[in-house]
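Listing of query.txt, compact mmCIF, C-alpha atoms
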```txt
# COMPACT_ATOMS: atom_id res chain seq x y z
CA MET A 44 -6.83 -88.12 -118.57
CA ALA A 45 -3.82 -88.54 -120.88
CA GLY A 46 -3.54 -84.76 -121.17
CA SER A 47 -3.43 -84.36 -117.40
CA ILE A 48 -0.74 -87.04 -117.20
CA LEU A 49 1.40 -85.19 -119.77
CA VAL A 50 0.91 -81.88 -118.00
CA SER A 51 1.79 -83.35 -114.61
CA LEU A 52 4.93 -85.02 -116.02
CA SER A 53 5.95 -81.76 -117.69
CA VAL A 54 5.51 -79.89 -114.43
CA ILE A 55 7.50 -82.54 -112.57
CA ASN A 56 10.36 -82.42 -115.08
CA ILE A 57 10.54 -78.63 -115.10
CA PHE A 58 10.30 -78.09 -111.34
CA VAL A 59 12.63 -80.94 -110.50
CA ARG A 60 15.37 -79.34 -112.62
CA VAL A 61 14.78 -75.96 -110.96
CA TYR A 62 14.78 -77.20 -107.35
CA GLY A 63 17.31 -80.03 -107.79
CA LEU A 64 15.12 -82.86 -106.50
CA PRO A 65 15.68 -86.38 -107.81
CA LYS A 66 13.14 -86.97 -110.58
CA GLU A 67 12.87 -90.69 -109.96
CA TYR A 68 11.09 -90.19 -106.62
CA LEU A 69 8.47 -87.91 -108.09
CA GLN A 70 7.95 -90.10 -111.14
CA MET A 71 7.50 -93.19 -109.00
CA GLY A 72 4.97 -91.24 -106.95
CA LEU A 73 3.17 -90.41 -110.17
CA VAL A 74 3.16 -94.09 -111.17
CA PHE A 75 1.60 -95.03 -107.83
CA ALA A 76 -0.93 -92.23 -108.20
CA LEU A 77 -1.86 -93.58 -111.63
CA ALA A 78 -2.18 -97.06 -110.18
CA GLY A 79 -4.55 -95.66 -107.57
CA ALA A 80 -6.51 -93.86 -110.29
CA CYS A 81 -6.74 -97.12 -112.25
CA ILE A 82 -8.14 -98.87 -109.21
CA TYR A 83 -10.52 -96.03 -108.40
CA PHE A 84 -11.90 -95.56 -111.91
CA GLY A 85 -11.63 -99.24 -112.76
CA ARG A 86 -13.97 -100.18 -109.93
CA GLY A 87 -16.70 -98.02 -111.44
CA TRP A 88 -16.12 -99.61 -114.83
CA LEU A 89 -16.23 -103.05 -113.27
CA ASN A 90 -19.33 -102.17 -111.18
CA VAL A 91 -17.51 -102.78 -107.92
CA ARG A 92 -18.45 -101.02 -104.71
CA ALA A 93 -15.71 -99.32 -102.70
CA ALA A 94 -16.05 -101.64 -99.71
CA ARG A 95 -16.23 -104.83 -101.77
CA ILE A 96 -13.32 -106.38 -103.60
CA THR A 97 -14.38 -109.00 -106.07
CA VAL A 98 -12.61 -111.47 -108.31
CA LYS A 99 -13.14 -109.08 -111.24
CA THR A 100 -11.24 -106.37 -109.40
CA LEU A 101 -8.35 -108.67 -108.64
CA ILE A 102 -8.23 -109.91 -112.23
CA TYR A 103 -8.62 -106.65 -114.16
CA THR A 104 -6.76 -104.11 -112.01
CA PRO A 105 -3.16 -105.34 -112.51
CA PRO A 106 -3.41 -105.31 -116.33
CA LEU A 107 -4.87 -101.79 -116.22
CA VAL A 108 -2.02 -100.60 -114.00
CA PHE A 109 0.48 -102.33 -116.29
CA LEU A 110 -0.99 -100.64 -119.38
CA PHE A 111 -0.78 -97.21 -117.78
CA GLY A 112 2.81 -97.95 -116.79
CA ILE A 113 3.61 -98.82 -120.41
CA VAL A 114 2.02 -95.53 -121.51
CA LEU A 115 4.33 -93.70 -119.08
CA LEU A 116 7.38 -95.16 -120.82
CA PHE A 117 6.51 -93.33 -124.03
CA ILE A 118 5.84 -89.90 -122.57
CA PRO A 119 8.07 -87.50 -124.47
CA VAL A 120 10.56 -86.09 -121.98
CA GLN A 121 13.18 -85.57 -124.69
CA PRO A 122 11.56 -82.27 -125.79
CA LEU A 123 11.79 -81.09 -122.19
CA GLY A 124 15.53 -81.82 -122.23
CA ARG A 125 15.87 -79.90 -125.48
CA LEU A 126 13.92 -76.98 -124.00
CA ALA A 127 16.12 -76.91 -120.90
CA ALA A 128 19.25 -77.00 -123.08
CA HIS A 129 18.06 -74.02 -125.12
CA ARG A 130 17.35 -72.16 -121.88
CA ASP A 131 20.84 -72.92 -120.53
CA ILE A 132 22.57 -72.01 -123.79
CA ALA A 133 20.70 -68.69 -123.90
CA SER A 134 22.10 -68.05 -120.41
CA GLY A 135 25.62 -68.90 -121.61
CA ILE A 136 25.78 -72.19 -119.73
CA TYR A 137 27.07 -75.22 -121.61
CA LYS A 138 26.69 -78.57 -119.83
CA VAL A 139 27.49 -81.91 -121.42
CA GLN A 140 26.95 -85.42 -120.15
CA ILE A 141 30.00 -87.64 -120.20
CA PRO A 142 30.03 -91.39 -119.57
CA ILE A 143 31.58 -93.03 -116.54
CA ARG A 144 35.14 -93.77 -117.60
CA PRO A 145 38.49 -93.81 -115.76
CA TRP A 146 39.50 -90.56 -117.46
CA ARG A 147 36.32 -88.64 -116.60
CA ASP A 148 38.10 -86.27 -114.19
CA GLU A 149 40.70 -85.29 -116.78
CA LEU A 150 37.97 -84.80 -119.40
CA THR A 151 35.96 -82.64 -117.02
CA ARG A 152 39.03 -80.53 -116.28
CA GLU A 153 39.93 -80.24 -119.98
CA LEU A 154 36.44 -79.07 -120.97
CA ARG A 155 36.17 -76.66 -118.05
CA ASP A 156 39.61 -75.08 -118.41
CA ASN A 157 39.81 -74.76 -122.19
CA TYR A 158 36.20 -74.23 -123.25
CA GLU A 159 34.23 -73.23 -120.12
CA VAL A 160 31.96 -76.25 -120.54
CA THR A 161 30.56 -77.99 -117.48
CA ALA A 162 30.63 -81.78 -117.61
CA ARG A 163 28.19 -83.97 -115.73
CA ILE A 164 28.54 -87.71 -115.31
CA SER A 165 25.68 -89.57 -116.96
CA GLY A 166 24.70 -93.19 -116.93
CA GLY A 167 25.45 -95.52 -114.11
CA CYS A 168 23.53 -98.35 -112.56
CA PHE A 169 20.38 -96.52 -111.55
CA THR A 170 19.53 -94.32 -114.52
CA SER A 171 15.84 -94.30 -115.35
CA THR A 172 14.40 -94.34 -118.84
CA PHE A 173 13.08 -90.84 -118.26
CA GLN A 174 16.48 -89.51 -117.25
CA SER A 175 18.36 -91.07 -120.15
CA THR A 176 15.76 -89.78 -122.64
CA TYR A 177 15.91 -86.31 -121.09
CA ASP A 178 19.72 -86.38 -121.20
CA SER A 179 19.82 -87.43 -124.86
CA GLY A 180 17.60 -84.49 -125.84
CA TYR A 181 19.68 -82.10 -123.76
CA GLN A 182 22.98 -83.44 -125.08
CA ALA A 183 21.95 -83.20 -128.74
CA VAL A 184 21.17 -79.49 -128.45
CA VAL A 185 24.34 -78.67 -126.50
CA ILE A 186 26.61 -80.57 -128.92
CA GLU A 187 25.10 -78.72 -131.89
CA ALA A 188 25.51 -75.37 -130.12
CA LEU A 189 29.15 -76.14 -129.32
CA LYS A 190 29.76 -77.16 -132.95
CA LYS A 191 28.35 -73.81 -134.09
CA LYS A 192 30.36 -71.88 -131.53
CA TYR A 193 33.74 -73.57 -132.11
CA GLY A 194 33.31 -74.96 -135.63
CA ARG A 195 34.12 -78.51 -134.56
CA ASP A 196 33.06 -81.19 -132.09
CA ILE A 197 35.15 -80.19 -129.08
CA VAL A 198 33.64 -82.84 -126.82
CA ARG A 199 34.75 -85.66 -129.10
CA GLU A 200 38.19 -84.06 -129.59
CA CYS A 201 38.74 -83.68 -125.86
CA THR A 202 37.47 -87.20 -125.20
CA GLU A 203 39.85 -88.71 -127.76
CA LYS A 204 42.77 -86.64 -126.46
CA VAL A 205 42.20 -87.53 -122.81
CA GLU A 206 41.46 -91.18 -123.59
CA SER A 207 44.65 -91.64 -125.62
CA ALA A 208 46.73 -89.93 -122.91
CA TRP A 209 45.16 -92.16 -120.28
CA LYS A 210 45.82 -95.31 -122.35
CA LYS A 211 49.47 -94.33 -122.85
CA HIS A 212 49.88 -93.71 -119.15
CA PHE A 213 48.12 -96.98 -118.29
CA GLU A 214 50.28 -98.99 -120.72
CA SER A 215 53.54 -97.43 -119.50
CA LYS A 216 52.51 -98.07 -115.91
CA ASN A 217 51.72 -101.74 -116.56
CA GLN A 218 54.82 -102.70 -118.52
```
What is this file in structure tokens?
Amino acid sequence: MAGSILVSLSVINIFVRVYGLPKEYLQMGLVFALAGACIYFGRGWLNVRAARITVKTLIYTPPLVFLFGIVLLFIPVQPLGRLAAHRDIASGIYKVQIPIRPWRDELTRELRDNYEVTARISGGCFTSTFQSTYDSGYQAVVIEALKKKYGRDIVRECTEKVESAWKKHFESKNQ
């Protein structure tokens, strides 16, 4: 069963990136499907008939669902992010995730105009564990590829440059 869970999550992560659907909806659907599987298979383990809900069912089903939810937190989606990054780099596409900051537009423009790197805003209030893990795997590969290509960390350089310019502008504006 664990193998089928890993395969289904891998398929979800790959097809969601291709078709542009939000991963969180599909992953929540998978969690509910696993909860249903826990109830379905748990009733056989607990010797419960389908039409009869007993005290055992009510007591043992929530912990089983919780345990499968915990297992889902440790599914390795970081390798999928790394795989997608290698695919994009082979196509000549460099995308980096940048944090939400006041200077994000200037940083995006700087990376796009000078280095042909696409910047995507990461983080925010509603970022899932899966998404942040996927992004960290993707980002690590892209940063290393950019270091090889340019011989230095251009993302950090551009971030420091834009941040210092923004701070100077902000301080001069507020004096």
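Of the listed residues A:Ile197, A:Ala183, A:Ala188, A:Val120, the one whose atoms come nearest to Ile136 (chain A) is A:Ala188, with distances taken using all atoms listed in the file.
Going from CA of Lys210 (chain A) to CA of Val139 (chain A) covers 22.7 Å.
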Can you pull out every residue within 12 Å of Cys168 (chain A), counting only C-alpha atoms, but drop anything in the same chain fewer than 6 positions away, and send it as an MDAnalysis selection string?
-> chainID A and resid 142:143 175
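For the atom pair formed by CA of Gly166 (chain A) and CA of Arg144 (chain A), the distance is 10.5 Å, given to one decimal.
Atom pair CA of Ile186 (chain A) / CA of Phe169 (chain A) has a distance of 24.4 Å (rounded to one decimal).
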